[in-house]
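Colleague: my_file_34.pdb is reproduced in full below (PDB, C-alpha atoms).
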```pdb
ATOM      1  CA  MET A   1     113.496 106.628  53.304
ATOM      2  CA  LEU A   2     114.822 104.328  50.589
ATOM      3  CA  ASP A   3     113.666 100.720  50.424
ATOM      4  CA  VAL A   4     116.438  99.003  48.447
ATOM      5  CA  TYR A   5     116.529  95.525  46.901
ATOM      6  CA  ASP A   6     118.992  93.695  44.678
ATOM      7  CA  ALA A   7     118.151  91.904  41.429
ATOM      8  CA  ALA A   8     117.076  88.793  43.361
ATOM      9  CA  GLY A   9     114.711  90.727  45.632
ATOM     10  CA  VAL A  10     116.993  90.619  48.693
ATOM     11  CA  HIS A  11     116.587  93.673  50.903
ATOM     12  CA  LEU A  12     119.742  95.759  51.327
ATOM     13  CA  SER A  13     120.562  97.513  54.585
ATOM     14  CA  TYR A  14     122.027 100.986  54.889
ATOM     15  CA  ASP A  15     125.549  99.572  55.229
ATOM     16  CA  GLN A  16     125.067  97.350  52.176
ATOM     17  CA  VAL A  17     123.799 100.276  50.098
ATOM     18  CA  ILE A  18     126.835 102.362  51.033
ATOM     19  CA  ALA A  19     129.067  99.394  50.178
ATOM     20  CA  VAL A  20     127.541  99.232  46.701
ATOM     21  CA  MET A  21     128.125 102.951  46.182
ATOM     22  CA  ASP A  22     131.755 102.965  47.298
ATOM     23  CA  ASN A  23     132.565  99.439  46.071
ATOM     24  CA  GLY A  24     133.114  98.047  49.517
ATOM     25  CA  GLY A  25     135.219 100.966  50.711
ATOM     26  CA  THR A  26     137.617 101.013  47.757
ATOM     27  CA  GLY A  27     135.894 104.020  46.198
ATOM     28  CA  TRP A  28     134.021 106.972  47.615
ATOM     29  CA  ARG A  29     130.460 107.940  48.372
ATOM     30  CA  SER A  30     128.687 109.722  45.564
ATOM     31  CA  ASP A  31     125.284 110.510  47.075
ATOM     32  CA  VAL A  32     124.147 114.105  46.576
ATOM     33  CA  THR A  33     120.789 115.849  46.706
ATOM     34  CA  TYR A  34     120.258 118.636  44.200
ATOM     35  CA  SER A  35     117.737 121.365  43.492
ATOM     36  CA  LEU A  36     115.388 120.510  40.654
ATOM     37  CA  ALA A  37     114.813 124.185  39.962
ATOM     38  CA  GLY A  38     118.435 125.228  39.564
ATOM     39  CA  GLY A  39     120.432 122.006  39.406
ATOM     40  CA  THR A  40     122.605 123.163  42.306
ATOM     41  CA  VAL A  41     123.810 120.905  45.107
ATOM     42  CA  ALA A  42     121.523 120.839  48.137
ATOM     43  CA  ALA A  43     123.616 118.486  50.307
ATOM     44  CA  TYR A  44     126.678 116.274  49.925
ATOM     45  CA  GLN A  45     126.444 112.699  51.247
ATOM     46  CA  PRO A  46     122.916 113.246  52.604
ATOM     47  CA  LEU A  47     122.135 109.559  53.190
ATOM     48  CA  TYR A  48     122.049 108.412  56.803
ATOM     49  CA  ASN A  49     120.988 105.294  58.672
ATOM     50  CA  HIS A  50     117.306 105.372  59.592
ATOM     51  CA  ALA A  51     116.215 102.154  61.308
ATOM     52  CA  GLY A  52     118.644 100.215  59.127
ATOM     53  CA  ASN A  53     117.608 101.844  55.853
ATOM     54  CA  PRO A  54     119.174 104.745  53.947
ATOM     55  CA  ALA A  55     117.266 108.004  54.238
ATOM     56  CA  PHE A  56     117.773 111.685  53.442
ATOM     57  CA  ASP A  57     116.116 114.838  54.717
ATOM     58  CA  VAL A  58     113.866 117.032  52.604
ATOM     59  CA  ALA A  59     113.001 120.624  53.477
ATOM     60  CA  GLY A  60     111.909 123.479  51.300
ATOM     61  CA  PRO A  61     111.859 123.110  47.492
ATOM     62  CA  ALA A  62     111.764 119.649  45.954
ATOM     63  CA  VAL A  63     115.105 117.914  45.470
ATOM     64  CA  GLY A  64     116.433 115.049  43.419
ATOM     65  CA  LEU A  65     118.932 112.415  44.498
ATOM     66  CA  THR A  66     121.977 111.371  42.506
ATOM     67  CA  LEU A  67     124.435 108.570  43.236
ATOM     68  CA  ALA A  68     126.533 105.938  41.503
ATOM     69  CA  TRP A  69     124.810 102.555  41.357
ATOM     70  CA  ARG A  70     126.085  99.231  40.112
ATOM     71  CA  GLY A  71     124.340  96.937  37.666
ATOM     72  CA  ASP A  72     124.983  93.234  37.316
ATOM     73  CA  ASN A  73     125.971  93.493  33.650
ATOM     74  CA  THR A  74     126.670  97.150  32.882
ATOM     75  CA  GLY A  75     128.817  98.206  35.828
ATOM     76  CA  TYR A  76     128.340 101.572  37.514
ATOM     77  CA  SER A  77     125.988 104.277  36.294
ATOM     78  CA  THR A  78     125.285 107.682  37.802
ATOM     79  CA  LEU A  79     121.576 107.797  38.581
ATOM     80  CA  PHE A  80     119.517 110.969  38.827
ATOM     81  CA  LEU A  81     116.263 110.266  40.668
ATOM     82  CA  ASP A  82     113.680 113.022  40.329
ATOM     83  CA  ASN A  83     110.457 111.170  41.161
ATOM     84  CA  GLY A  84     109.015 111.576  37.691
ATOM     85  CA  GLY A  85     110.068 115.213  37.563
ATOM     86  CA  ALA A  86     108.268 116.156  40.794
ATOM     87  CA  GLY A  87     111.253 115.642  43.092
ATOM     88  CA  PHE A  88     111.122 114.711  46.773
ATOM     89  CA  ALA A  89     109.663 117.222  49.218
ATOM     90  CA  THR A  90     107.636 115.255  51.780
ATOM     91  CA  ASN A  91     108.078 112.234  54.033
ATOM     92  CA  ALA A  92     107.790 109.010  52.063
ATOM     93  CA  THR A  93     109.221 105.526  51.630
ATOM     94  CA  ILE A  94     110.595 105.041  48.125
ATOM     95  CA  ASN A  95     111.302 101.718  46.462
ATOM     96  CA  PHE A  96     114.700 102.829  45.201
ATOM     97  CA  THR A  97     115.407 100.660  42.160
ATOM     98  CA  TYR A  98     111.785 100.591  41.004
ATOM     99  CA  ARG A  99     111.550 104.386  41.224
ATOM    100  CA  ALA A 100     114.866 104.730  39.410
ATOM    101  CA  ALA A 101     113.660 102.412  36.619
ATOM    102  CA  LEU A 102     110.489 104.466  36.178
ATOM    103  CA  ASP A 103     112.499 107.689  36.081
ATOM    104  CA  TYR A 104     114.891 106.317  33.480
ATOM    105  CA  GLN A 105     112.076 104.908  31.385
ATOM    106  CA  GLN A 106     110.735 108.474  31.295
ATOM    107  CA  LYS A 107     114.201 109.893  30.518
ATOM    108  CA  LEU A 108     114.496 107.447  27.621
ATOM    109  CA  GLY A 109     111.257 108.768  26.184
ATOM    110  CA  ALA A 110     112.625 112.312  26.407
ATOM    111  CA  ALA A 111     115.884 111.231  24.761
ATOM    112  CA  LEU A 112     113.977 109.686  21.850
ATOM    113  CA  ALA A 113     111.831 112.816  21.499
ATOM    114  CA  ARG A 114     115.030 114.848  21.055
ATOM    115  CA  ARG A 115     116.074 112.511  18.223
ATOM    116  CA  PRO A 116     113.039 112.352  15.927
ATOM    117  CA  ALA A 117     115.145 111.122  13.008
ATOM    118  CA  PHE A 118     116.355 108.043  14.907
ATOM    119  CA  VAL A 119     115.393 104.762  13.256
ATOM    120  CA  ALA A 120     115.201 102.028  15.872
ATOM    121  CA  THR A 121     117.627  99.196  15.163
ATOM    122  CA  PRO A 122     116.930  95.563  16.085
ATOM    123  CA  ALA A 123     119.454  95.779  18.947
ATOM    124  CA  PHE A 124     117.821  98.915  20.337
ATOM    125  CA  SER A 125     114.295  97.543  20.002
ATOM    126  CA  ALA A 126     115.246  94.287  21.736
ATOM    127  CA  ALA A 127     116.883  96.069  24.670
ATOM    128  CA  LYS A 128     114.001  98.513  25.048
ATOM    129  CA  THR A 129     111.414  95.731  24.932
ATOM    130  CA  GLN A 130     113.293  93.870  27.658
ATOM    131  CA  ALA A 131     113.404  96.959  29.881
ATOM    132  CA  ASP A 132     109.712  97.730  29.344
ATOM    133  CA  ASP A 133     108.741  94.125  30.076
ATOM    134  CA  LEU A 134     110.728  94.068  33.313
ATOM    135  CA  ILE A 135     109.063  97.241  34.566
ATOM    136  CA  ALA A 136     105.630  95.954  33.556
ATOM    137  CA  GLN A 137     106.168  92.737  35.548
ATOM    138  CA  ALA A 138     106.698  94.608  38.813
ATOM    139  CA  ALA A 139     103.939  93.505  41.165
ATOM    140  CA  ALA A 140     102.588  95.038  44.366
ATOM    141  CA  ALA A 141     105.092  93.260  46.621
ATOM    142  CA  GLU A 142     107.970  95.659  47.240
ATOM    143  CA  ALA A 143     110.657  92.977  47.013
ATOM    144  CA  ILE A 144     109.421  91.967  43.553
ATOM    145  CA  ARG A 145     109.227  95.603  42.463
ATOM    146  CA  GLY A 146     112.746  96.193  43.690
ATOM    147  CA  ALA A 147     114.109  93.090  41.974
ATOM    148  CA  TYR A 148     112.554  93.898  38.623
ATOM    149  CA  GLY A 149     113.541  97.534  39.076
ATOM    150  CA  GLN A 150     117.203  96.560  39.481
ATOM    151  CA  GLN A 151     117.039  94.294  36.441
ATOM    152  CA  ALA A 152     115.297  97.032  34.444
ATOM    153  CA  LEU A 153     117.994  99.547  35.353
ATOM    154  CA  ASP A 154     120.586  97.203  33.879
ATOM    155  CA  ALA A 155     118.502  96.822  30.725
ATOM    156  CA  LEU A 156     117.910 100.585  30.470
ATOM    157  CA  ALA A 157     121.641 101.247  30.696
ATOM    158  CA  ARG A 158     122.092  99.002  27.657
ATOM    159  CA  VAL A 159     119.215 100.790  25.883
ATOM    160  CA  PHE A 160     120.871 104.184  26.350
ATOM    161  CA  GLU A 161     124.260 102.859  25.194
ATOM    162  CA  THR A 162     122.651 101.335  22.095
ATOM    163  CA  LEU A 163     120.721 104.533  21.361
ATOM    164  CA  LEU A 164     123.849 106.691  21.476
ATOM    165  CA  HIS A 165     125.837 104.231  19.369
ATOM    166  CA  ASP A 166     123.200 103.628  16.715
ATOM    167  CA  TYR A 167     121.988 107.223  16.470
ATOM    168  CA  GLY A 168     125.572 108.462  16.226
ATOM    169  CA  LEU A 169     126.218 106.205  13.247
ATOM    170  CA  GLN A 170     122.952 107.204  11.608
ATOM    171  CA  ARG A 171     123.785 110.904  11.958
ATOM    172  CA  ALA A 172     127.337 110.399  10.694
ATOM    173  CA  ARG A 173     126.095 108.579   7.614
ATOM    174  CA  ALA A 174     123.344 111.136   6.956
ATOM    175  CA  LEU A 175     125.839 114.009   7.098
ATOM    176  CA  ALA A 176     128.577 112.251   5.156
ATOM    177  CA  GLN A 177     127.659 114.086   1.955
ATOM    178  CA  ARG A 178     128.169 117.467   3.648
ATOM    179  CA  TYR A 179     131.221 116.882   5.857
ATOM    180  CA  TRP A 180     134.484 115.000   5.914
ATOM    181  CA  TRP A 181     134.675 112.677   8.868
ATOM    182  CA  GLY A 182     138.063 112.063  10.447
ATOM    183  CA  ALA A 183     138.993 109.290  12.839
ATOM    184  CA  THR A 184     142.193 109.468  14.862
ATOM    185  CA  VAL A 185     143.840 106.088  15.447
ATOM    186  CA  ASP A 186     146.403 106.147  18.263
ATOM    187  CA  ARG A 187     146.947 102.486  19.064
ATOM    188  CA  LEU A 188     148.209  99.357  17.323
ATOM    189  CA  ASN A 189     146.422  96.673  19.314
ATOM    190  CA  ASP A 190     143.084  95.235  18.207
ATOM    191  CA  TYR A 191     143.402  96.953  14.839
ATOM    192  CA  PRO A 192     140.589  94.922  13.175
ATOM    193  CA  SER A 193     138.042  96.588  15.480
ATOM    194  CA  VAL A 194     139.599  99.986  14.719
ATOM    195  CA  LEU A 195     139.164  99.400  10.993
ATOM    196  CA  GLN A 196     135.608  98.209  11.573
ATOM    197  CA  SER A 197     134.778 101.356  13.546
ATOM    198  CA  ILE A 198     136.096 103.526  10.734
ATOM    199  CA  SER A 199     134.201 101.485   8.152
ATOM    200  CA  ASP A 200     130.971 101.878  10.149
ATOM    201  CA  LEU A 201     131.168 105.659   9.821
ATOM    202  CA  VAL A 202     131.112 105.557   6.034
ATOM    203  CA  GLN A 203     128.981 102.499   5.422
ATOM    204  CA  ASN A 204     127.151 102.702   2.060
ATOM    205  CA  VAL A 205     128.747 106.086   1.323
ATOM    206  CA  PRO A 206     130.490 106.153  -2.090
ATOM    207  CA  ASN A 207     132.825 109.036  -1.260
ATOM    208  CA  ASP A 208     136.349 108.603   0.092
ATOM    209  CA  GLY A 209     136.952 108.506   3.835
ATOM    210  CA  TYR A 210     140.016 110.052   5.478
ATOM    211  CA  VAL A 211     141.902 108.666   8.439
ATOM    212  CA  ARG A 212     144.622 110.389  10.431
ATOM    213  CA  ILE A 213     147.090 107.944  11.984
ATOM    214  CA  VAL A 214     149.185 109.106  14.945
ATOM    215  CA  PHE A 215     152.456 107.324  15.642
ATOM    216  CA  GLY A 216     153.658 107.599  19.219
ATOM    217  CA  ARG A 217     157.322 107.793  20.113
TER     218      ARG A 217
END
```
Translate this file's structure into structure tokens.

Modeller:
Amino acid sequence: MLDVYDAAGVHLSYDQVIAVMDNGGTGWRSDVTYSLAGGTVAAYQPLYNHAGNPAFDVAGPAVGLTLAWRGDNTGYSTLFLDNGGAGFATNATINFTYRAALDYQQKLGAALARRPAFVATPAFSAAKTQADDLIAQAAAAEAIRGAYGQQALDALARVFETLLHDYGLQRARALAQRYWWGATVDRLNDYPSVLQSISDLVQNVPNDGYVRIVFGR
């Protein structure tokens, strides 16, 4: 069973959780359980109402749960909950957002391990520190854990976005001596930001950069 709270620590019912997932009925449900061993789908839309809370059945090998979840500042993200890599295989009550924050804190560590050359930027370090602090503040009370978990998920989404952005630029600049980088520009609006994006790719690189401009008809 999932015990779900918003960023203010307000408990969310089954109906409210579904409404977050499908944006109040304007979208569609995205909840799926999947096999941790093979990554295959175990069940589509497995969540059901159990005494007012969302729950899903577990039987056999451990499964993970994936669904789209909304943050206050970062919009929707697709979450993959795997209970720290162990999955869910027995009856339990899970503090949803707190568990998700712990899982994504662990996933961030794995992402950094795959990028040993990454040099943390001030923006990345600030976002990561905020996420770590929010998780560390989670107390024993489930409502507080859930609230800080939801806030941490929002912060972790920003951490991942910053990591991909900053590491991408670092790799592009490191490889600039070996490759030609091309940027395709296909719009006329907001051209200063387009030029800035192109400039970022070749920052501090003395060689020429090449840009392909596409004119639509």

Colleague: Hey, which of A:Ala131, A:Leu112, A:Ala141, A:Leu47 ends up closest to Arg158 in chain A? Count all atoms listed in the file.

Modeller: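 Using all atoms listed in the file, Arg158 in chain A sits closest to A:Ala131.
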
Colleague: Do you have the CA of Lys107 in chain A-CA of Asp132 in chain A distance handy?

Modeller: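 Straight-line distance from CA of Lys107 in chain A to CA of Asp132 in chain A works out to 13.0 Å.
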
Colleague: Check what the PyMOL selection byres ((chain A and resi 68) around 6) selects in the file above and give those residues as JSON, numbers by chain.

Modeller: {"A": [21, 30, 67, 69, 77, 78]}

Colleague: Between CA of Ile198 in chain A and CA of Thr162 in chain A, what distance in Å does the model show, to one decimal?

Modeller: 17.7 Å

Colleague: Translate the PyMOL selection byres ((chain A and resi 14) around 6) into a concrete residue list for this structure, as a ChimeraX atom specification.

Modeller: /A:13,15-17,49,52-54

Colleague: Closest to Val58 in chain A among A:Gly39, A:Tyr76, A:Met1, A:Gln106, using all atoms listed in the file?

Modeller: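 Using all atoms listed in the file, the shortest distance to Val58 in chain A belongs to A:Met1.
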
Colleague: Quick one, how far is CA of Ala155 in chain A from CA of Asp22 in chain A?

Modeller: 22.1 Å

Colleague: What residues come out when you apply the PyMOL selection byres ((chain A and resi 2) around 12) to this file, written as a PDB file with C-alpha atoms, in the coordinates of the input?

Modeller:
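Output file out.pdb follows:
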```pdb
ATOM      1  CA  MET A   1     113.496 106.628  53.304  1.00  0.00           C
ATOM      2  CA  ASP A   3     113.666 100.720  50.424  1.00  0.00           C
ATOM      3  CA  VAL A   4     116.438  99.003  48.447  1.00  0.00           C
ATOM      4  CA  TYR A   5     116.529  95.525  46.901  1.00  0.00           C
ATOM      5  CA  HIS A  11     116.587  93.673  50.903  1.00  0.00           C
ATOM      6  CA  LEU A  12     119.742  95.759  51.327  1.00  0.00           C
ATOM      7  CA  SER A  13     120.562  97.513  54.585  1.00  0.00           C
ATOM      8  CA  TYR A  14     122.027 100.986  54.889  1.00  0.00           C
ATOM      9  CA  VAL A  17     123.799 100.276  50.098  1.00  0.00           C
ATOM     10  CA  LEU A  47     122.135 109.559  53.190  1.00  0.00           C
ATOM     11  CA  TYR A  48     122.049 108.412  56.803  1.00  0.00           C
ATOM     12  CA  ASN A  49     120.988 105.294  58.672  1.00  0.00           C
ATOM     13  CA  HIS A  50     117.306 105.372  59.592  1.00  0.00           C
ATOM     14  CA  ALA A  51     116.215 102.154  61.308  1.00  0.00           C
ATOM     15  CA  GLY A  52     118.644 100.215  59.127  1.00  0.00           C
ATOM     16  CA  ASN A  53     117.608 101.844  55.853  1.00  0.00           C
ATOM     17  CA  PRO A  54     119.174 104.745  53.947  1.00  0.00           C
ATOM     18  CA  ALA A  55     117.266 108.004  54.238  1.00  0.00           C
ATOM     19  CA  PHE A  56     117.773 111.685  53.442  1.00  0.00           C
ATOM     20  CA  ASP A  57     116.116 114.838  54.717  1.00  0.00           C
ATOM     21  CA  LEU A  65     118.932 112.415  44.498  1.00  0.00           C
ATOM     22  CA  LEU A  81     116.263 110.266  40.668  1.00  0.00           C
ATOM     23  CA  PHE A  88     111.122 114.711  46.773  1.00  0.00           C
ATOM     24  CA  ASN A  91     108.078 112.234  54.033  1.00  0.00           C
ATOM     25  CA  ALA A  92     107.790 109.010  52.063  1.00  0.00           C
ATOM     26  CA  THR A  93     109.221 105.526  51.630  1.00  0.00           C
ATOM     27  CA  ILE A  94     110.595 105.041  48.125  1.00  0.00           C
ATOM     28  CA  ASN A  95     111.302 101.718  46.462  1.00  0.00           C
ATOM     29  CA  PHE A  96     114.700 102.829  45.201  1.00  0.00           C
ATOM     30  CA  THR A  97     115.407 100.660  42.160  1.00  0.00           C
ATOM     31  CA  TYR A  98     111.785 100.591  41.004  1.00  0.00           C
ATOM     32  CA  ARG A  99     111.550 104.386  41.224  1.00  0.00           C
ATOM     33  CA  ALA A 100     114.866 104.730  39.410  1.00  0.00           C
ATOM     34  CA  GLU A 142     107.970  95.659  47.240  1.00  0.00           C
ATOM     35  CA  GLY A 146     112.746  96.193  43.690  1.00  0.00           C
TER      36      GLY A 146
END
```

Colleague: I'd like the contact shell of Gly85 in chain A - 9 Å cut-off, only C-alpha atoms, skipping same-chain residues fewer than 2 positions apart - returned as a ChimeraX atom specification.

Modeller: /A:36,64,81-83,87,103

Colleague: Out of A:Tyr191, A:Tyr167, A:Phe160, A:Tyr34, which residue has the shortest atom-to-atom distance to Phe118 in chain A when counting all atoms listed in the file?

Modeller: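 The closest residue to Phe118 in chain A is A:Tyr167.
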
Colleague: Calculated over all atoms listed in the file, which of the candidates A:Ala157, A:Leu163, A:Ile18, A:Ala110 has the smallest distance to Pro122 in chain A?

Modeller: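 Smallest distance to Pro122 in chain A is found for A:Leu163.
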
Colleague: Please determine an axis-aligned box that encloses all atoms of range 38-55 of chain A listed in the file, with 3 Å added on each side, and express its centre and edge lengths in Å to one decimal as AutoDock Vina command-line options.

Modeller:
```
--center_x 121.4 --center_y 112.7 --center_z 50.4 --size_x 16.5 --size_y 31.0 --size_z 27.9
```

Colleague: Need to verify the contact set: Ile144 in chain A, 10 Å, only C-alpha atoms, exclusion of same-chain residues closer than 3 positions in sequence. Can you return it as a list in words?

Modeller: Tyr5, Asp6, Ala7, Ala8, Gly9, Val10, Tyr98, Gln137, Ala138, Ala139, Ala140, Ala141, Ala147, Tyr148, Gly149 and Gln150 of chain A

Colleague: Counting only C-alpha atoms, find the residues whose atoms lie at most 9 Å from (117.9, 99.0, 29.5) (file coordinates) and write them out as a list of chain:residue names.

Modeller: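 Applying the cut-off with only C-alpha atoms, one gets A:Ala101, A:Tyr104, A:Gln105, A:Ala127, A:Lys128, A:Thr129, A:Gln130, A:Ala131, A:Asp132, A:Gln151, A:Ala152, A:Leu153, A:Asp154, A:Ala155, A:Leu156, A:Ala157, A:Arg158, A:Val159, A:Phe160, A:Glu161.
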
Colleague: Which residue gives the smallest distance to Ala120 in chain A among A:Thr90, A:Gln196, A:Gln170, A:Thr74, with all atoms listed in the file counted?

Modeller: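 Among the listed residues, the smallest separation from Ala120 in chain A belongs to A:Gln170.
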
Colleague: Considering only C-alpha atoms, state which residue in the set A:Arg171, A:Leu79, A:Trp28, A:Pro192 is at the smallest distance from Pro116 in chain A.

Modeller: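 Using only C-alpha atoms, Pro116 in chain A sits closest to A:Arg171.
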
Colleague: Regenerate range 128-147 of chain A at the level of N, CA and C atoms and dump it as a tab-separated table (two decimals), in the frame of the given file.

Modeller:
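Contents of result-v4.tsv, as written:
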```tsv
chain	number	residue	atom	x	y	z
A	128	LYS	N	115.11	97.70	24.51
A	128	LYS	CA	114.00	98.51	25.05
A	128	LYS	C	112.82	97.63	25.44
A	129	THR	N	112.51	96.65	24.61
A	129	THR	CA	111.41	95.73	24.93
A	129	THR	C	111.69	94.99	26.23
A	130	GLN	N	112.94	94.56	26.42
A	130	GLN	CA	113.29	93.87	27.66
A	130	GLN	C	113.10	94.77	28.86
A	131	ALA	N	113.55	96.02	28.77
A	131	ALA	CA	113.40	96.96	29.88
A	131	ALA	C	111.94	97.23	30.18
A	132	ASP	N	111.14	97.46	29.15
A	132	ASP	CA	109.71	97.73	29.34
A	132	ASP	C	109.02	96.53	29.98
A	133	ASP	N	109.37	95.33	29.53
A	133	ASP	CA	108.74	94.12	30.08
A	133	ASP	C	109.08	93.94	31.55
A	134	LEU	N	110.32	94.22	31.91
A	134	LEU	CA	110.73	94.07	33.31
A	134	LEU	C	109.96	95.03	34.21
A	135	ILE	N	109.81	96.26	33.77
A	135	ILE	CA	109.06	97.24	34.57
A	135	ILE	C	107.60	96.83	34.66
A	136	ALA	N	107.04	96.34	33.57
A	136	ALA	CA	105.63	95.95	33.56
A	136	ALA	C	105.35	94.76	34.46
A	137	GLN	N	106.36	93.92	34.71
A	137	GLN	CA	106.17	92.74	35.55
A	137	GLN	C	106.18	93.05	37.04
A	138	ALA	N	106.60	94.26	37.39
A	138	ALA	CA	106.70	94.61	38.81
A	138	ALA	C	105.32	94.53	39.46
A	139	ALA	N	105.21	93.70	40.47
A	139	ALA	CA	103.94	93.50	41.16
A	139	ALA	C	103.87	94.38	42.41
A	140	ALA	N	102.81	94.19	43.19
A	140	ALA	CA	102.59	95.04	44.37
A	140	ALA	C	103.62	94.79	45.46
A	141	ALA	N	104.12	93.57	45.57
A	141	ALA	CA	105.09	93.26	46.62
A	141	ALA	C	106.37	94.06	46.38
A	142	GLU	N	106.83	94.76	47.40
A	142	GLU	CA	107.97	95.66	47.24
A	142	GLU	C	109.25	94.93	46.84
A	143	ALA	N	109.45	93.73	47.37
A	143	ALA	CA	110.66	92.98	47.01
A	143	ALA	C	110.67	92.65	45.53
A	144	ILE	N	109.50	92.29	44.98
A	144	ILE	CA	109.42	91.97	43.55
A	144	ILE	C	109.63	93.23	42.73
A	145	ARG	N	109.03	94.33	43.16
A	145	ARG	CA	109.23	95.60	42.46
A	145	ARG	C	110.71	95.99	42.44
A	146	GLY	N	111.33	95.84	43.60
A	146	GLY	CA	112.75	96.19	43.69
A	146	GLY	C	113.62	95.32	42.82
A	147	ALA	N	113.32	94.02	42.79
A	147	ALA	CA	114.11	93.09	41.97
A	147	ALA	C	113.98	93.42	40.50
```
